[in-house]
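The next block holds one structure in the form of C-alpha cells; read it before the comments.
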Amino acid sequence: MKMKILVWTVVVVFVLVVISGAVWYSMRPQIITFDDGDKLTLLAVDYGKKHVSPATRKAMTTPTNTLVLWVRQQHDPNQYAYFQYYLYDKAGTACVMGSGGYGGNRRGNDVVSVQFPAFPHRAGSFYVRVEESGNGGQELSDQKFVIHNPAHSSSASWTAAPLPDTEQDGDMTVALKKLVAGAKMPYNRGDGDDDDAINKGVQATFNVQINGTNAIMWTPVSFEMTDATGNHVNAMVYPQQNQQILVQSNDVTATFQYGLWPDEPWKMRVEFSKQSGFDNTELWTVPAIPLDPGKQRDFWNNRKGNNAVFAETDVGGLHLKVYRAQYFTDMPPNSNPQGGLNVEVDPALPDGMRMTVVSLTDDQTNDVNHWDSGGGGRAGKGGGSIYRYQLQNVDGATNLNLTLAIHKSHYLEFTAKPEMAAADSSDQSNQQQ
C-alpha cells in the first residue's frame, strides 16, 4: 500500500512539474535577437479600438478594431535602426505589413505599438517576423513571435462574382478578368527567398474602356480591400517603377503588395488614374529645379535650408509649390534613395483628385527614377499638404525638370475570390496566360 502511495505521489509530482514547465514555457517572454545584438521583446497583444501600453499604461484608440502588438525595441542608440513587422498565417500562404517600428536614433530602448488591420481571423494562431534595416544592412529574422488569435471569427462568407466582372463609373467601363494571389513580385525583400510570402503579391488584370474604346492610358493606382472577417488593407501601385504595370493586348495588369488571405473573397475598391493624354489645363512643367546638397533628414523638413520654394502656380483650383530638390550627402553612392523632392498642394487634394508625376528628368534629359514616399502630411502652420518623392540615379546631376498633372480619378468596386499563382510561375507574363 505504501508503495502504491509512493508511486502515485511520484506520478502526481511529475505531472505537476510538466504542467508547471508548460505554463512557464507558454508565458515566457518571446524575444527576437538579430545578428548585431539588437533585441525585440513581445510584451503584450490586444485587439479592439482601445489599446493600453503595458509600459506607460497610456491608452490609444484606433478607428476600427485592430490587432496591436506591444514590443520593446532595444538597439545601439548610436546606430540607425528601423524595424518592419510582417504577419503571416501558419502555412506562410500570405502576409501583411504592420504599421509600427521607427527609423532613426532614439534612446535605443523604446516600447512601440505595431498595428495590423488584417490577420487570419479564422485561424487559432499565426506568427510575426521582423526585418531590421540599419547601418549593418538588412536582416529578416528567422525567429518569430507566435500570436494566439485574440478575435477568432466565425463570420459568414461573402459570395464572389464570376470573372470577368464588368463594372461602370460614368464613361468608364472596366472588366476584372483575373485576380491572382501569391504572384511573384518584381523585387525581393528580406533574404531574397522567392517562396517567402514577404516576396509575394497580387496581380489583377483589367480591360479598361472609355466610351467603348480601349483606354490603356488609364491604370489602377490604388486598391482598398476588405473581407467578411473584418480585414482591411490598402495597396498602392506605382506605374513609373518596378514593372508594376504591364500592358498586353489592351489589358492592364497591376502587381502590388499586400493583399488579404486568399481563402476569402475580397471586396476591392480600385482607383483608376490616367497616365498620359492630359489636357493642357491639367499640366504644369517646372524646368531646371536646383539639386542641392543636403542630409536625408532635411528631406522631411521642407522649411529648412535648401528646401526653399523654387516655383509655384495654380492648377485645377489648387495652389502648387515645388521646393528645391536635394541629393543626400550622407548616403553612399548607388544608394536608394539618393535624393528627394517636395511638392506642396494647398489645399490638400480633395477626394477623387490625384497628382501624377508625368515626367522627371535631369539636366542631361535622363529619366530620374522616383517613387512617392507618402503624401498628405501637413506642411506647417498656414501651409498645405506635402507630397514627397524619393529619387534615385541623380549622381552628378545639377538640376531636374518636372512635369506634374492634377486630374480626376475613377473608382470601381468588385467582389472576387483570388486564385493562387502556379508554384513554378517565373514572371508576370506567365501568370496571366
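So you can find residues: chains in the C-alpha cells are A, B, ... in the order shown, residues in each start at 1, and ligands are numbered from 1 in order.
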Handout entry: Near-stretch 217-221 of chain A list (8 Å; only C-alpha atoms; drop same-chain fewer than 5 positions) as a ChimeraX atom specification
Key = /A:208,236-239,245,252,254,270-277
Proximity check stretch 324-348 of chain A to stretch 292-295 of chain A, 10 Å, nearest pairs one decimal Å, only C-alpha atoms, as CSV:
residue,atom,partner,partner_atom,distance
A:Arg324,CA,A:Asp292,CA,7.2
A:Ala325,CA,A:Asp292,CA,6.2
A:Gln326,CA,A:Asp292,CA,4.7
A:Tyr327,CA,A:Pro293,CA,5.2
A:Phe328,CA,A:Lys295,CA,5.0
A:Thr329,CA,A:Lys295,CA,5.7
A:Asp330,CA,A:Lys295,CA,5.7
A:Met331,CA,A:Lys295,CA,8.1
A:Gly339,CA,A:Gly294,CA,8.6
A:Gly340,CA,A:Gly294,CA,9.6
Mind dumping the selected residues with C-alpha atoms as a CSV table (one decimal), in the first residue's frame?
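Done, and the output landed in out_21.csv:
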chain,number,residue,atom,x,y,z
A,324,ARG,CA,14.5,73.0,-54.3
A,325,ALA,CA,15.5,69.3,-54.7
A,326,GLN,CA,18.2,67.6,-52.7
A,327,TYR,CA,20.8,64.9,-53.2
A,328,PHE,CA,21.8,63.3,-50.0
A,329,THR,CA,25.4,63.8,-48.9
A,330,ASP,CA,25.0,61.3,-46.1
A,331,MET,CA,24.1,58.4,-48.4
A,339,GLY,CA,17.8,62.4,-53.1
A,340,GLY,CA,14.4,63.9,-52.6
Practice task
Using only C-alpha atoms, find the one residue out of A:Leu42, A:Ala81, A:Val96, A:Leu402 that sits nearest to A:Ile289.
Solution key: A:Leu402
Exercise for the section: Give me the residues within 6 Å of A:Phe206 as JSON, numbers by chain, counting only C-alpha atoms and dropping any in the same chain fewer than 6 places off. Expected result: {"A": [175, 176, 177, 251, 252]}
Take the residues from that selection and write them out as a PDB file, in the first residue's frame, keeping N, CA and C atoms.
ATOM      1  N   ALA A 175     -13.568  45.739 -66.879  1.00  0.00           N
ATOM      2  CA  ALA A 175     -13.797  44.315 -66.628  1.00  0.00           C
ATOM      3  C   ALA A 175     -12.604  43.756 -65.861  1.00  0.00           C
ATOM      4  N   LEU A 176     -12.863  43.222 -64.649  1.00  0.00           N
ATOM      5  CA  LEU A 176     -11.841  42.475 -63.918  1.00  0.00           C
ATOM      6  C   LEU A 176     -11.801  41.076 -64.512  1.00  0.00           C
ATOM      7  N   LYS A 177     -10.699  40.741 -65.181  1.00  0.00           N
ATOM      8  CA  LYS A 177     -10.608  39.486 -65.906  1.00  0.00           C
ATOM      9  C   LYS A 177      -9.918  38.386 -65.111  1.00  0.00           C
ATOM     10  N   ASP A 251      -5.154  44.829 -72.371  1.00  0.00           N
ATOM     11  CA  ASP A 251      -5.419  44.548 -70.964  1.00  0.00           C
ATOM     12  C   ASP A 251      -4.298  45.144 -70.116  1.00  0.00           C
ATOM     13  N   VAL A 252      -4.661  45.583 -68.922  1.00  0.00           N
ATOM     14  CA  VAL A 252      -3.697  46.176 -68.000  1.00  0.00           C
ATOM     15  C   VAL A 252      -3.606  45.283 -66.766  1.00  0.00           C
TER      16      VAL A 252
END
Handout entry: Best match for closeness to A:Gly124 among A:Ala422, A:Val146, A:Val68, A:Met353, counting only C-alpha atoms
Key = A:Val146
Practice task
Enumerate as a count of residues only all residues of stretch 214-420 of chain A assigned to strand (DSSP E or B) by DSSP on the backbone, naming them with the chain letters and numbers the document uses.
Solution key: 117
Exercise for the section: Could you check which of A:Asp193, A:Val128, A:Ile32, A:Tyr411 is closest to A:Met172, using only C-alpha atoms? Expected result: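 Using only C-alpha atoms, the shortest distance to A:Met172 belongs to A:Tyr411.
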Practice task
Choose the residue, out of A:Asn399, A:Asp165, A:Ser249, A:His51, that has the smallest atom-to-atom separation from A:Ile216; count only C-alpha atoms.
Solution key: A:Ser249
Handout entry: Which residue of A:Asp367, A:Leu320, A:Thr403, A:Asn334 approaches A:Tyr387 most closely, using only C-alpha atoms
Key = A:Leu320
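Distances to A:Ile31 were evaluated for A:Leu87, A:Gln74, A:Lys408, A:Asp279 using only C-alpha atoms, and the minimum falls at A:Gln74.
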Fill in the blank from the handout: Here atom CA of A:Tyr47 and atom CA of A:Pro63 stand apart by 12.2 Å
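In this structure, atom CA of A:Val202 sits 10.1 Å away from atom CA of A:Ala94.
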Got a sec: who's within 12 Å of A:Tyr88, counting only C-alpha atoms, leaving out chain neighbours fewer than 6 positions off, as an mmCIF file with C-alpha atoms, in the first residue's frame?
data_model
loop_
_atom_site.group_PDB
_atom_site.id
_atom_site.type_symbol
_atom_site.label_atom_id
_atom_site.label_comp_id
_atom_site.auth_asym_id
_atom_site.auth_seq_id
_atom_site.Cartn_x
_atom_site.Cartn_y
_atom_site.Cartn_z
ATOM 1 C CA ALA A 94 0.349 35.273 -47.388
ATOM 2 C CA CYS A 95 1.460 38.100 -45.136
ATOM 3 C CA VAL A 96 0.635 41.731 -44.410
ATOM 4 C CA MET A 97 2.825 44.567 -43.220
ATOM 5 C CA GLY A 98 2.170 46.265 -39.894
ATOM 6 C CA PHE A 116 -2.212 45.158 -38.005
ATOM 7 C CA ALA A 118 -5.623 42.436 -41.132
ATOM 8 C CA PHE A 119 -4.821 38.921 -39.895
ATOM 9 C CA PRO A 120 -6.215 35.377 -40.345
ATOM 10 C CA HIS A 121 -9.350 35.792 -38.194
ATOM 11 C CA ALA A 123 -7.083 30.754 -37.506
ATOM 12 C CA SER A 125 -2.708 31.332 -34.205
ATOM 13 C CA PHE A 126 -0.298 32.987 -36.615
ATOM 14 C CA TYR A 127 3.170 34.477 -36.454
ATOM 15 C CA VAL A 128 5.137 37.674 -36.974
ATOM 16 C CA ARG A 129 8.595 38.116 -38.478
ATOM 17 C CA VAL A 130 10.617 41.335 -38.360
ATOM 18 C CA LYS A 144 9.149 34.585 -34.928
ATOM 19 C CA PHE A 145 6.593 35.911 -32.493
ATOM 20 C CA VAL A 146 3.788 33.349 -32.193
ATOM 21 C CA ILE A 147 0.450 35.158 -31.773
ATOM 22 C CA ASP A 196 8.535 33.607 -48.865
ATOM 23 C CA ALA A 197 5.162 35.379 -48.671
ATOM 24 C CA ILE A 198 7.056 38.611 -47.986
ATOM 25 C CA LYS A 200 4.603 37.569 -52.957
ATOM 26 C CA TYR A 258 -0.095 43.331 -49.939
ATOM 27 C CA GLY A 259 -3.414 41.553 -50.423
ATOM 28 C CA LEU A 260 -5.564 39.642 -47.951
ATOM 29 C CA TRP A 261 -5.702 35.903 -47.325
#
Problem - Exercise: A:Arg107 partners within 9 Å, only C-alpha atoms, chain neighbours under 3 positions left out, as number ranges by chain - result: A: 74-78, 110
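With atom CA of A:Pro418 on one side and atom CA of A:Gln203 on the other, the separation reads 9.2 Å.
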